[in-house]
file final-v3.pdb (PDB, C-alpha atoms)
ATOM      1  CA  MET A 116      18.694   4.561   5.345
ATOM      2  CA  ASN A 117      18.625   8.275   4.554
ATOM      3  CA  ASP A 118      18.892   9.539   8.148
ATOM      4  CA  ARG A 119      17.816  13.149   8.205
ATOM      5  CA  LEU A 120      18.283  15.458  11.171
ATOM      6  CA  ASP A 121      14.775  14.603  12.323
ATOM      7  CA  PRO A 122      14.712  10.778  12.784
ATOM      8  CA  SER A 123      10.916  10.824  12.575
ATOM      9  CA  LEU A 124      11.343  11.663   8.873
ATOM     10  CA  ALA A 125      14.036   9.065   8.065
ATOM     11  CA  LEU A 126      13.467   7.354   4.730
ATOM     12  CA  PRO A 127      15.001   4.261   3.168
ATOM     13  CA  ASP A 128      17.224   4.564   0.128
ATOM     14  CA  LEU A 129      17.627   2.039  -2.689
ATOM     15  CA  ALA A 130      20.257   0.124  -0.698
ATOM     16  CA  ALA A 131      17.828  -0.283   2.205
ATOM     17  CA  ILE A 132      15.124  -1.472  -0.199
ATOM     18  CA  ARG A 133      17.513  -4.024  -1.696
ATOM     19  CA  ALA A 134      18.435  -5.203   1.834
ATOM     20  CA  ALA A 135      14.725  -5.523   2.621
ATOM     21  CA  HIS A 136      14.290  -7.581  -0.546
ATOM     22  CA  GLU A 137      16.863 -10.091   0.688
ATOM     23  CA  ARG A 138      15.439 -10.110   4.243
ATOM     24  CA  ILE A 139      11.871 -10.861   3.204
ATOM     25  CA  ARG A 140      12.658 -13.253   0.354
ATOM     26  CA  PRO A 141      11.739 -16.397   2.376
ATOM     27  CA  HIS A 142       8.479 -14.848   3.577
ATOM     28  CA  VAL A 143       6.815 -13.314   0.494
ATOM     29  CA  HIS A 144       6.013 -14.273  -3.067
ATOM     30  CA  ARG A 145       7.753 -12.807  -6.070
ATOM     31  CA  THR A 146       4.423 -11.998  -7.675
ATOM     32  CA  ALA A 147       3.568 -12.353 -11.336
ATOM     33  CA  VAL A 148       3.639  -9.529 -13.868
ATOM     34  CA  ILE A 149       0.836  -9.902 -16.410
ATOM     35  CA  THR A 150      -0.418  -8.095 -19.492
ATOM     36  CA  CYS A 151      -3.897  -7.690 -20.966
ATOM     37  CA  ALA A 152      -4.333  -6.513 -24.555
ATOM     38  CA  ALA A 153      -7.961  -5.526 -23.911
ATOM     39  CA  LEU A 154      -6.931  -3.130 -21.132
ATOM     40  CA  ASP A 155      -4.060  -1.790 -23.252
ATOM     41  CA  ALA A 156      -6.598  -0.853 -25.911
ATOM     42  CA  GLU A 157      -8.804   0.968 -23.402
ATOM     43  CA  VAL A 158      -5.910   3.104 -22.149
ATOM     44  CA  GLY A 159      -3.950   3.508 -25.382
ATOM     45  CA  ALA A 160      -0.733   2.308 -23.733
ATOM     46  CA  ARG A 161       1.151  -0.913 -22.981
ATOM     47  CA  LEU A 162       0.399  -1.983 -19.407
ATOM     48  CA  TRP A 163       2.238  -4.417 -17.159
ATOM     49  CA  PHE A 164       0.381  -5.336 -13.974
ATOM     50  CA  LYS A 165       2.406  -6.265 -10.874
ATOM     51  CA  CYS A 166      -0.021  -8.660  -9.185
ATOM     52  CA  GLU A 167       0.279  -8.030  -5.473
ATOM     53  CA  ASN A 168      -3.257  -9.405  -5.232
ATOM     54  CA  PHE A 169      -1.433 -12.761  -5.485
ATOM     55  CA  GLN A 170       0.851 -11.837  -2.576
ATOM     56  CA  ARG A 171       0.825 -13.497   0.849
ATOM     57  CA  ILE A 172      -2.303 -12.321   2.733
ATOM     58  CA  GLY A 173      -3.609 -11.057  -0.620
ATOM     59  CA  ALA A 174      -1.853  -7.668  -0.630
ATOM     60  CA  PHE A 175       1.491  -5.877  -0.961
ATOM     61  CA  LYS A 176       1.386  -5.145   2.783
ATOM     62  CA  ALA A 177       3.084  -8.501   3.441
ATOM     63  CA  ARG A 178       6.311  -6.953   2.159
ATOM     64  CA  GLY A 179       6.532  -3.992   4.524
ATOM     65  CA  ALA A 180       5.203  -5.901   7.522
ATOM     66  CA  SER A 181       7.670  -8.745   7.031
ATOM     67  CA  ASN A 182      10.584  -6.340   6.721
ATOM     68  CA  ALA A 183       9.566  -4.455   9.860
ATOM     69  CA  VAL A 184       8.937  -7.589  11.953
ATOM     70  CA  PHE A 185      12.115  -9.380  10.872
ATOM     71  CA  SER A 186      14.195  -6.222  11.429
ATOM     72  CA  LEU A 187      13.435  -6.230  15.182
ATOM     73  CA  ASP A 188      16.034  -7.393  17.688
ATOM     74  CA  ASP A 189      15.150 -10.687  19.378
ATOM     75  CA  ASP A 190      14.649  -9.121  22.819
ATOM     76  CA  VAL A 191      12.238  -6.565  21.379
ATOM     77  CA  ALA A 192      10.459  -8.995  19.086
ATOM     78  CA  ARG A 193       9.544 -11.531  21.751
ATOM     79  CA  ARG A 194       7.240  -8.979  23.420
ATOM     80  CA  GLY A 195       5.202  -8.864  20.244
ATOM     81  CA  VAL A 196       3.981  -6.197  17.845
ATOM     82  CA  VAL A 197       0.897  -4.007  17.581
ATOM     83  CA  THR A 198      -0.565  -1.960  14.770
ATOM     84  CA  HIS A 199      -3.771  -0.348  13.575
ATOM     85  CA  SER A 200      -5.276  -1.176  10.214
ATOM     86  CA  SER A 201      -8.493  -1.327   8.211
ATOM     87  CA  GLY A 202      -7.416  -4.814   7.208
ATOM     88  CA  ASN A 203      -4.528  -5.602   4.871
ATOM     89  CA  HIS A 204      -1.681  -4.242   7.003
ATOM     90  CA  GLY A 205      -3.207  -5.890  10.049
ATOM     91  CA  ALA A 206      -3.287  -9.258   8.309
ATOM     92  CA  ALA A 207       0.276  -8.698   7.108
ATOM     93  CA  ILE A 208       1.529  -7.974  10.636
ATOM     94  CA  ALA A 209      -0.350 -11.030  11.921
ATOM     95  CA  TYR A 210       1.222 -13.146   9.170
ATOM     96  CA  ALA A 211       4.757 -11.864   9.744
ATOM     97  CA  ALA A 212       4.436 -12.243  13.521
ATOM     98  CA  ARG A 213       3.300 -15.829  13.137
ATOM     99  CA  ARG A 214       6.266 -16.528  10.856
ATOM    100  CA  ARG A 215       8.570 -15.152  13.548
ATOM    101  CA  GLY A 216       6.711 -16.891  16.387
ATOM    102  CA  ILE A 217       5.722 -13.761  18.309
ATOM    103  CA  PRO A 218       2.338 -12.362  19.409
ATOM    104  CA  ALA A 219       0.507  -9.647  17.474
ATOM    105  CA  TRP A 220      -2.351  -7.264  18.249
ATOM    106  CA  VAL A 221      -4.289  -5.411  15.557
ATOM    107  CA  VAL A 222      -6.539  -2.427  16.246
ATOM    108  CA  MET A 223      -9.312  -2.317  13.623
ATOM    109  CA  PRO A 224     -12.278   0.028  13.115
ATOM    110  CA  GLU A 225     -15.597  -1.540  14.038
ATOM    111  CA  GLY A 226     -16.806  -1.400  10.437
ATOM    112  CA  SER A 227     -13.801  -3.076   8.796
ATOM    113  CA  ALA A 228     -14.660  -5.467   5.975
ATOM    114  CA  ARG A 229     -15.503  -8.939   7.238
ATOM    115  CA  VAL A 230     -13.025 -10.623   4.870
ATOM    116  CA  LYS A 231     -10.213  -8.446   6.225
ATOM    117  CA  GLN A 232     -11.068  -9.153   9.868
ATOM    118  CA  GLU A 233     -11.144 -12.864   9.090
ATOM    119  CA  ASN A 234      -7.705 -12.586   7.479
ATOM    120  CA  VAL A 235      -6.271 -11.063  10.672
ATOM    121  CA  ARG A 236      -7.807 -13.736  12.904
ATOM    122  CA  ARG A 237      -6.718 -16.533  10.575
ATOM    123  CA  PHE A 238      -3.078 -15.625  11.184
ATOM    124  CA  GLY A 239      -3.522 -15.726  14.948
ATOM    125  CA  ALA A 240      -3.520 -12.047  15.909
ATOM    126  CA  THR A 241      -5.750 -10.554  18.601
ATOM    127  CA  ILE A 242      -8.148  -7.871  17.315
ATOM    128  CA  ARG A 243      -8.993  -4.791  19.375
ATOM    129  CA  HIS A 244     -11.770  -2.646  17.932
ATOM    130  CA  SER A 245     -11.710   1.148  17.786
ATOM    131  CA  GLY A 246     -13.598   4.020  16.236
ATOM    132  CA  MET A 247     -12.831   5.290  12.737
ATOM    133  CA  ASP A 248     -10.920   8.372  13.919
ATOM    134  CA  ALA A 249      -7.156   8.520  14.314
ATOM    135  CA  ALA A 250      -7.314   9.432  18.009
ATOM    136  CA  SER A 251      -9.341   6.331  18.833
ATOM    137  CA  ARG A 252      -6.928   4.073  16.934
ATOM    138  CA  ALA A 253      -3.884   5.654  18.561
ATOM    139  CA  ALA A 254      -5.373   5.329  22.047
ATOM    140  CA  ALA A 255      -6.148   1.642  21.521
ATOM    141  CA  CYS A 256      -2.622   0.950  20.254
ATOM    142  CA  ALA A 257      -1.079   2.853  23.172
ATOM    143  CA  GLU A 258      -3.104   0.738  25.602
ATOM    144  CA  VAL A 259      -1.769  -2.469  24.067
ATOM    145  CA  GLU A 260       1.783  -1.115  24.192
ATOM    146  CA  ARG A 261       1.395  -0.276  27.891
ATOM    147  CA  ASP A 262      -0.167  -3.610  28.775
ATOM    148  CA  THR A 263       2.114  -5.911  26.788
ATOM    149  CA  GLY A 264       5.354  -4.123  25.885
ATOM    150  CA  ALA A 265       4.588  -4.777  22.216
ATOM    151  CA  THR A 266       6.334  -2.665  19.563
ATOM    152  CA  MET A 267       4.153  -0.410  17.443
ATOM    153  CA  ILE A 268       4.577  -0.928  13.680
ATOM    154  CA  HIS A 269       2.770   1.868  11.893
ATOM    155  CA  PRO A 270       1.051   0.926   8.621
ATOM    156  CA  PHE A 271       3.040   3.468   6.579
ATOM    157  CA  ASP A 272       4.864   5.971   8.826
ATOM    158  CA  ASN A 273       7.799   3.600   9.327
ATOM    159  CA  ALA A 274      11.029   3.467   7.342
ATOM    160  CA  SER A 275      11.257  -0.344   7.450
ATOM    161  CA  VAL A 276       7.691  -0.680   6.198
ATOM    162  CA  ILE A 277       8.375   1.756   3.348
ATOM    163  CA  ALA A 278      11.524  -0.166   2.397
ATOM    164  CA  GLY A 279       9.584  -3.409   2.237
ATOM    165  CA  GLN A 280       6.880  -1.877   0.066
ATOM    166  CA  GLY A 281       9.509  -0.638  -2.371
ATOM    167  CA  THR A 282      10.560  -4.204  -3.175
ATOM    168  CA  ALA A 283       7.522  -4.659  -5.440
ATOM    169  CA  ALA A 284       8.792  -1.889  -7.730
ATOM    170  CA  VAL A 285      12.282  -3.424  -7.771
ATOM    171  CA  GLU A 286      10.813  -6.703  -8.975
ATOM    172  CA  LEU A 287       8.621  -4.957 -11.545
ATOM    173  CA  CYS A 288      11.614  -3.085 -12.982
ATOM    174  CA  GLU A 289      13.641  -6.300 -13.098
ATOM    175  CA  SER A 290      10.827  -8.007 -15.015
ATOM    176  CA  VAL A 291      10.207  -5.085 -17.406
ATOM    177  CA  PRO A 292      13.385  -2.963 -17.472
ATOM    178  CA  ASP A 293      12.272  -0.520 -20.187
ATOM    179  CA  LEU A 294       9.151   0.946 -18.570
ATOM    180  CA  ASP A 295       8.357   4.619 -19.113
ATOM    181  CA  ALA A 296       6.261   4.987 -15.937
ATOM    182  CA  ILE A 297       4.979   3.212 -12.835
ATOM    183  CA  VAL A 298       1.642   4.035 -11.221
ATOM    184  CA  ALA A 299       0.639   3.013  -7.698
ATOM    185  CA  PRO A 300      -2.302   3.821  -5.422
ATOM    186  CA  VAL A 301      -1.851   6.101  -2.418
ATOM    187  CA  GLY A 302      -3.588   6.171   0.954
ATOM    188  CA  GLY A 303      -1.119   6.746   3.769
ATOM    189  CA  GLY A 304       1.676   6.738   1.209
ATOM    190  CA  GLY A 305       3.844   3.781   2.225
ATOM    191  CA  LEU A 306       3.534   1.972  -1.100
ATOM    192  CA  LEU A 307       3.908   5.096  -3.229
ATOM    193  CA  SER A 308       6.879   6.254  -1.130
ATOM    194  CA  GLY A 309       8.687   2.934  -1.471
ATOM    195  CA  THR A 310       7.782   2.655  -5.151
ATOM    196  CA  SER A 311       9.050   6.142  -5.943
ATOM    197  CA  ILE A 312      12.316   5.757  -4.007
ATOM    198  CA  ALA A 313      13.019   2.420  -5.688
ATOM    199  CA  ALA A 314      12.061   3.611  -9.175
ATOM    200  CA  LYS A 315      14.076   6.831  -9.065
ATOM    201  CA  GLY A 316      16.985   4.988  -7.469
ATOM    202  CA  LEU A 317      17.030   2.563 -10.359
ATOM    203  CA  ARG A 318      16.391   5.117 -13.136
ATOM    204  CA  ARG A 319      16.032   8.852 -12.671
ATOM    205  CA  ASP A 320      14.049   9.166 -15.916
ATOM    206  CA  LEU A 321      11.412   6.620 -14.885
ATOM    207  CA  LEU A 322       8.147   8.466 -14.259
ATOM    208  CA  VAL A 323       6.258   7.712 -11.039
ATOM    209  CA  TRP A 324       2.560   8.507 -10.761
ATOM    210  CA  GLY A 325       0.279   8.287  -7.739
ATOM    211  CA  ALA A 326      -3.435   7.461  -7.916
ATOM    212  CA  GLU A 327      -6.130   8.332  -5.386
ATOM    213  CA  PRO A 328      -9.951   8.462  -5.181
ATOM    214  CA  ALA A 329     -11.255  12.022  -5.523
ATOM    215  CA  ASN A 330     -13.465  11.339  -2.490
ATOM    216  CA  ALA A 331     -10.305  10.797  -0.439
ATOM    217  CA  GLY A 332      -8.154  13.340  -2.251
ATOM    218  CA  ASP A 333      -5.994  14.514   0.636
ATOM    219  CA  ALA A 334      -2.734  13.176  -0.839
ATOM    220  CA  ALA A 335      -3.263  15.035  -4.109
ATOM    221  CA  GLN A 336      -3.993  18.206  -2.150
ATOM    222  CA  SER A 337      -0.948  17.642   0.087
ATOM    223  CA  PHE A 338       1.198  17.077  -3.013
ATOM    224  CA  ARG A 339       0.154  20.507  -4.266
ATOM    225  CA  THR A 340       0.424  22.451  -0.991
ATOM    226  CA  GLY A 341       3.487  20.766   0.528
ATOM    227  CA  LYS A 342       1.793  20.118   3.882
ATOM    228  CA  VAL A 343      -0.221  17.203   5.210
ATOM    229  CA  GLU A 344      -3.851  17.998   4.466
ATOM    230  CA  PRO A 345      -6.772  16.383   6.325
ATOM    231  CA  LEU A 346      -9.070  13.864   4.739
ATOM    232  CA  PRO A 347     -12.030  15.501   2.998
ATOM    233  CA  ALA A 348     -15.443  15.289   4.606
ATOM    234  CA  GLY A 349     -16.695  12.760   2.036
ATOM    235  CA  VAL A 350     -13.914  10.227   2.583
ATOM    236  CA  THR A 351     -16.271   7.545   3.871
ATOM    237  CA  LEU A 352     -18.035   7.662   0.511
ATOM    238  CA  THR A 353     -15.164   6.059  -1.408
ATOM    239  CA  ILE A 354     -15.355   2.326  -2.010
ATOM    240  CA  ALA A 355     -11.544   2.202  -1.965
ATOM    241  CA  ASP A 356     -11.489   1.569   1.788
ATOM    242  CA  GLY A 357      -7.738   0.918   1.908
ATOM    243  CA  LEU A 358      -7.081   4.497   0.752
ATOM    244  CA  ARG A 359      -9.141   6.316   3.400
ATOM    245  CA  THR A 360      -5.983   7.407   5.219
ATOM    246  CA  PRO A 361      -4.085  10.720   5.356
ATOM    247  CA  LEU A 362      -0.382  10.994   4.616
ATOM    248  CA  ALA A 363       2.274  11.387   7.301
ATOM    249  CA  PRO A 364       5.058  13.999   7.081
ATOM    250  CA  ARG A 365       7.502  11.180   6.290
ATOM    251  CA  THR A 366       5.520   9.850   3.335
ATOM    252  CA  LEU A 367       4.670  13.324   2.069
ATOM    253  CA  GLY A 368       8.394  14.098   2.030
ATOM    254  CA  ALA A 369       9.136  11.025  -0.063
ATOM    255  CA  ILE A 370       6.268  11.656  -2.445
ATOM    256  CA  ARG A 371       7.126  15.319  -2.971
ATOM    257  CA  ALA A 372      10.757  14.374  -3.640
ATOM    258  CA  HIS A 373      10.233  11.467  -6.021
ATOM    259  CA  VAL A 374       6.705  11.414  -7.533
ATOM    260  CA  ASP A 375       6.075  13.162 -10.851
ATOM    261  CA  ALA A 376       2.275  13.401 -10.707
ATOM    262  CA  LEU A 377      -0.490  12.520  -8.270
ATOM    263  CA  GLU A 378      -4.009  12.428  -9.697
ATOM    264  CA  THR A 379      -7.506  11.446  -8.561
ATOM    265  CA  CYS A 380     -10.417   9.556 -10.098
ATOM    266  CA  GLY A 381     -14.150   9.253  -9.556
ATOM    267  CA  GLU A 382     -16.038   6.428  -7.882
ATOM    268  CA  ASP A 383     -17.688   5.299 -11.115
ATOM    269  CA  ALA A 384     -14.266   4.972 -12.724
ATOM    270  CA  ILE A 385     -13.018   2.839  -9.807
ATOM    271  CA  VAL A 386     -15.962   0.467 -10.162
ATOM    272  CA  ARG A 387     -15.436   0.321 -13.921
ATOM    273  CA  ALA A 388     -11.707  -0.377 -13.560
ATOM    274  CA  MET A 389     -12.298  -3.041 -10.909
ATOM    275  CA  ARG A 390     -14.904  -4.807 -13.012
ATOM    276  CA  MET A 391     -12.836  -4.576 -16.199
ATOM    277  CA  THR A 392      -9.854  -6.134 -14.413
ATOM    278  CA  TRP A 393     -12.033  -9.012 -13.245
ATOM    279  CA  GLU A 394     -13.707  -9.530 -16.626
ATOM    280  CA  ARG A 395     -10.850  -8.868 -19.045
ATOM    281  CA  ALA A 396      -7.680  -9.756 -17.155
ATOM    282  CA  LYS A 397      -9.509 -12.549 -15.291
ATOM    283  CA  ILE A 398      -8.061 -11.646 -11.901
ATOM    284  CA  VAL A 399      -9.675 -10.486  -8.672
ATOM    285  CA  VAL A 400      -8.624  -7.080  -7.340
ATOM    286  CA  GLU A 401     -10.109  -4.957  -4.574
ATOM    287  CA  ALA A 402     -11.347  -1.431  -5.176
ATOM    288  CA  SER A 403      -8.168   0.236  -3.875
ATOM    289  CA  ALA A 404      -6.099  -1.765  -6.368
ATOM    290  CA  ALA A 405      -8.299  -0.589  -9.241
ATOM    291  CA  VAL A 406      -7.614   3.108  -8.603
ATOM    292  CA  PRO A 407      -4.452   3.371 -10.781
ATOM    293  CA  LEU A 408      -6.268   1.846 -13.758
ATOM    294  CA  ALA A 409      -9.236   4.132 -13.063
ATOM    295  CA  CYS A 410      -6.953   7.182 -13.316
ATOM    296  CA  LEU A 411      -5.510   5.835 -16.565
ATOM    297  CA  LEU A 412      -8.990   5.222 -17.986
ATOM    298  CA  GLU A 413      -9.980   8.781 -17.114
ATOM    299  CA  GLY A 414      -6.895  10.138 -18.898
ATOM    300  CA  ARG A 415      -5.334  11.695 -15.788
ATOM    301  CA  TYR A 416      -1.743  11.101 -16.980
ATOM    302  CA  PRO A 417       0.030  11.564 -20.351
ATOM    303  CA  ALA A 418      -0.083   7.803 -20.922
ATOM    304  CA  ALA A 419      -0.647   7.489 -24.677
ATOM    305  CA  GLY A 420       1.890   5.177 -26.293
ATOM    306  CA  LYS A 421       3.860   4.677 -23.080
ATOM    307  CA  ARG A 422       5.003   1.454 -21.406
ATOM    308  CA  ILE A 423       3.463   1.604 -17.941
ATOM    309  CA  GLY A 424       3.807  -0.614 -14.881
ATOM    310  CA  VAL A 425       0.693  -0.756 -12.688
ATOM    311  CA  ILE A 426       0.930  -2.029  -9.132
ATOM    312  CA  LEU A 427      -2.221  -3.971  -8.249
ATOM    313  CA  SER A 428      -2.066  -3.533  -4.501
ATOM    314  CA  GLY A 429      -4.442  -6.257  -3.293
ATOM    315  CA  GLY A 430      -7.308  -8.637  -3.884
ATOM    316  CA  ASN A 431      -9.151  -8.995  -0.577
ATOM    317  CA  VAL A 432     -12.768  -8.508  -1.590
ATOM    318  CA  ASP A 433     -15.956  -9.052   0.378
ATOM    319  CA  LEU A 434     -17.870 -11.075  -2.197
ATOM    320  CA  GLU A 435     -21.159 -10.218  -0.522
ATOM    321  CA  ARG A 436     -20.602  -6.481  -1.083
ATOM    322  CA  LEU A 437     -19.417  -6.146  -4.665
ATOM    323  CA  PRO A 438     -19.849  -2.541  -5.878
ATOM    324  CA  TRP A 439     -21.727  -3.500  -9.051
ATOM    325  CA  GLN A 440     -24.319  -5.630  -7.273
TER     326      GLN A 440
END
call {"tool": "encode", "arguments": {"input": "final-v3.pdb", "output": "C-alpha cells"}}
result
Amino acid sequence: MNDRLDPSLALPDLAAIRAAHERIRPHVHRTAVITCAALDAEVGARLWFKCENFQRIGAFKARGASNAVFSLDDDVARRGVVTHSSGNHGAAIAYAARRRGIPAWVVMPEGSARVKQENVRRFGATIRHSGMDAASRAAACAEVERDTGATMIHPFDNASVIAGQGTAAVELCESVPDLDAIVAPVGGGGLLSGTSIAAKGLRRDLLVWGAEPANAGDAAQSFRTGKVEPLPAGVTLTIADGLRTPLAPRTLGAIRAHVDALETCGEDAIVRAMRMTWERAKIVVEASAAVPLACLLEGRYPAAGKRIGVILSGGNVDLERLPWQ
C-alpha cells in the first residue's frame, strides 16, 4: 500500500493489486475479453471488452468486495460486515461474506432496482432500507455497526476495495498487452482508481480514460477543479444508476494522479451504446457499463485508430424496465 501521512487517503500500489489478485483468485472469475467488429467500425478503433458482466454477482464489484472481506482478521470477520449500496456492491459483499461464512448487512435506498435487491437477498445478506441521501445511508450503517459490531466496508472509499477492482485491468493487460488506452466508468471512483493505478503501474504510457453520464457529471467536474464536487441536481435523471455517486477524497486523489482524461456522455448515447452492445456483441450489459462505449461513440476521446480496452462493469438489468421500451 502507498501509505500517505493521512491514512484516510491511503491507496494501493501495483504490488497490493497483484496481492489482491492472488487472494481473490478462488472467489472470482477471470472474465472473458471479447471483440466486436461492428462496434469497432462505429468507433473507428479496435476495441477489447473486459466482460465483468460475466463476473460473480454479475459485476466487477465481486473483486473489491472479496479482497476486502478476505483481508479481515478472523476475530474481526466473525462479527460480520456492513455496507451501503444501490445494488452491485451490496450483492458482492453478500457473496463474499457467504464465501467466508460470516454475516452481512446491506443498506439500500428504497428505490433500488428489484433485480439488485434480489441479488443481495439471494446471497443471504440482511437488507436495511434508507433514503437516497448520503446522511441517511451513513446513519443506517452506523446503527448496524453499533448493534452488531460489524465492520463497515465502503463501496469505493477503501484501499482494499480499490486494490480488488484493479485486478480487472491487470487481467485485461495480460490478455491484450499492446493496448493504447483503457476506458472505465466512474461513479464513486473505486473501479477507475484501481484501473488507473494498475495500468500506470504496468505501463506509464498506457492511457487511462474515465467515462461518466453528463447528468451525474460530478467526477468530471472534480477532475477539473481538484476538489470533490457535489452531484448535480439532475443526477436522478441518469439511467446509469450505478454511477449516481460522488467521489471521495481518496478516489479523487488516485484519479487526478493517474487518469489522462475524464469525459461525459448524454443519456441518449448511453441507451444507444447499451442497445448496440446487446444487439451487436450479443451480450447483456447494464446502463452503467455502457457509459464508456457511449463516450467513445460521441467522440469524447482521441480514439481513432487506437487499440482500446473497455471495462464492461456489469450486467444486472431489470428486464421489466429496459430504457428502449
call {"tool": "closest_residue", "arguments": {"input": "final-v3.pdb", "among": "A:Gln280, A:Gln440, A:Thr263, A:Ser403", "to": "Ala331 of chain A", "atoms": "all atoms listed in the file"}}
result
A:Ser403
call {"tool": "resolve_selection", "arguments": {"input": "final-v3.pdb", "expression": "the PyMOL selection byres ((chain A and resi 317) around 10)", "output": "PDB file with C-alpha atoms, in the coordinates of the input"}}
result
ATOM      1  CA  LEU A 129      17.627   2.039  -2.689  1.00  0.00           C
ATOM      2  CA  ALA A 284       8.792  -1.889  -7.730  1.00  0.00           C
ATOM      3  CA  VAL A 285      12.282  -3.424  -7.771  1.00  0.00           C
ATOM      4  CA  CYS A 288      11.614  -3.085 -12.982  1.00  0.00           C
ATOM      5  CA  GLU A 289      13.641  -6.300 -13.098  1.00  0.00           C
ATOM      6  CA  PRO A 292      13.385  -2.963 -17.472  1.00  0.00           C
ATOM      7  CA  SER A 311       9.050   6.142  -5.943  1.00  0.00           C
ATOM      8  CA  ILE A 312      12.316   5.757  -4.007  1.00  0.00           C
ATOM      9  CA  ALA A 313      13.019   2.420  -5.688  1.00  0.00           C
ATOM     10  CA  ALA A 314      12.061   3.611  -9.175  1.00  0.00           C
ATOM     11  CA  LYS A 315      14.076   6.831  -9.065  1.00  0.00           C
ATOM     12  CA  GLY A 316      16.985   4.988  -7.469  1.00  0.00           C
ATOM     13  CA  ARG A 318      16.391   5.117 -13.136  1.00  0.00           C
ATOM     14  CA  ARG A 319      16.032   8.852 -12.671  1.00  0.00           C
ATOM     15  CA  ASP A 320      14.049   9.166 -15.916  1.00  0.00           C
ATOM     16  CA  LEU A 321      11.412   6.620 -14.885  1.00  0.00           C
TER      17      LEU A 321
END
call {"tool": "closest_atom_pairs", "arguments": {"input": "final-v3.pdb", "of": "segment 175-294 of chain A", "to": "segment 143-152 of chain A", "cutoff": "12 Å", "atoms": "all atoms listed in the file", "output": "CSV"}}
result
residue,atom,partner,partner_atom,distance
A:Phe175,CA,A:Val143,CA,9.3
A:Lys176,CA,A:Val143,CA,10.1
A:Ala177,CA,A:Val143,CA,6.8
A:Arg178,CA,A:Val143,CA,6.6
A:Gly179,CA,A:Val143,CA,10.2
A:Ala180,CA,A:Val143,CA,10.3
A:Ser181,CA,A:Val143,CA,8.0
A:Asn182,CA,A:Val143,CA,10.1
A:Ala207,CA,A:Val143,CA,10.4
A:Tyr210,CA,A:Val143,CA,10.3
A:Ala211,CA,A:Val143,CA,9.6
A:Arg214,CA,A:Val143,CA,10.9
A:Gly279,CA,A:Val143,CA,10.4
A:Gln280,CA,A:Val143,CA,11.4
A:Thr282,CA,A:Arg145,CA,9.5
A:Ala283,CA,A:Arg145,CA,8.2
A:Ala284,CA,A:Thr146,CA,11.0
A:Val285,CA,A:Arg145,CA,10.6
A:Glu286,CA,A:Arg145,CA,7.4
A:Leu287,CA,A:Val148,CA,7.1
A:Cys288,CA,A:Val148,CA,10.3
A:Glu289,CA,A:Val148,CA,10.5
A:Ser290,CA,A:Val148,CA,7.4
A:Val291,CA,A:Val148,CA,8.7
call {"tool": "resolve_selection", "arguments": {"input": "final-v3.pdb", "expression": "the PyMOL selection byres ((chain A and resi 426) around 7)", "output": "ChimeraX atom specification"}}
result
/A:164-166,298-299,424-425,427-428
call {"tool": "resolve_selection", "arguments": {"input": "final-v3.pdb", "expression": "the PyMOL selection byres ((chain A and resi 225-233) around 9)", "output": "list in words"}}
result
Ser200, Ser201, Gly202, Asn203, Gly205, Ala206, Met223, Pro224, Asn234, Val235, Arg236, Arg237, Phe238, Ile242, His244, Ser245, Gly246, Met247, Asp356, Asn431, Val432, Asp433 and Leu434 of chain A
call {"tool": "residues_near_point", "arguments": {"input": "final-v3.pdb", "point": "(-15.6, -1.0, -11.9)", "cutoff": "10 Å", "atoms": "all atoms listed in the file", "output": "number ranges by chain"}}
result
A: 382-394, 401-402, 405-406, 408-409, 437-439
call {"tool": "closest_residue", "arguments": {"input": "final-v3.pdb", "among": "A:His373, A:Ser308, A:His142, A:Gly302", "to": "Leu322 of chain A", "atoms": "all atoms listed in the file"}}
result
A:His373
call {"tool": "atom_distance", "arguments": {"input": "final-v3.pdb", "atom1": "atom CA of Arg359 of chain A", "atom2": "atom CA of Arg171 of chain A"}}
result
22.3 Å
call {"tool": "closest_residue", "arguments": {"input": "final-v3.pdb", "among": "A:Ala372, A:Val259, A:Ala183, A:Ala254", "to": "Ala278 of chain A", "atoms": "only C-alpha atoms"}}
result
A:Ala183
call {"tool": "axis_aligned_box", "arguments": {"input": "final-v3.pdb", "around": "segment 206-217 of chain A", "padding_each_side": "5 Å", "output": "lines of an AutoDock Vina configuration file"}}
result
center_x = 2.6
center_y = -12.4
center_z = 12.7
size_x = 21.9
size_y = 18.9
size_z = 21.2
call {"tool": "closest_residue", "arguments": {"input": "final-v3.pdb", "among": "A:Asn330, A:Ser186, A:Thr198, A:Thr353", "to": "Arg138 of chain A", "atoms": "only C-alpha atoms"}}
result
A:Ser186
call {"tool": "residues_around", "arguments": {"input": "final-v3.pdb", "residues": "Asp333 of chain A", "least_positions_apart": "4", "cutoff": "12 Å", "atoms": "all atoms listed in the file", "output": "PyMOL selection string"}}
result
chain A and resi 301-304+326-329+337-350+358-363+367+377-379
call {"tool": "atom_distance", "arguments": {"input": "final-v3.pdb", "atom1": "atom CA of His204 of chain A", "atom2": "atom CA of Trp220 of chain A"}}
result
11.7 Å
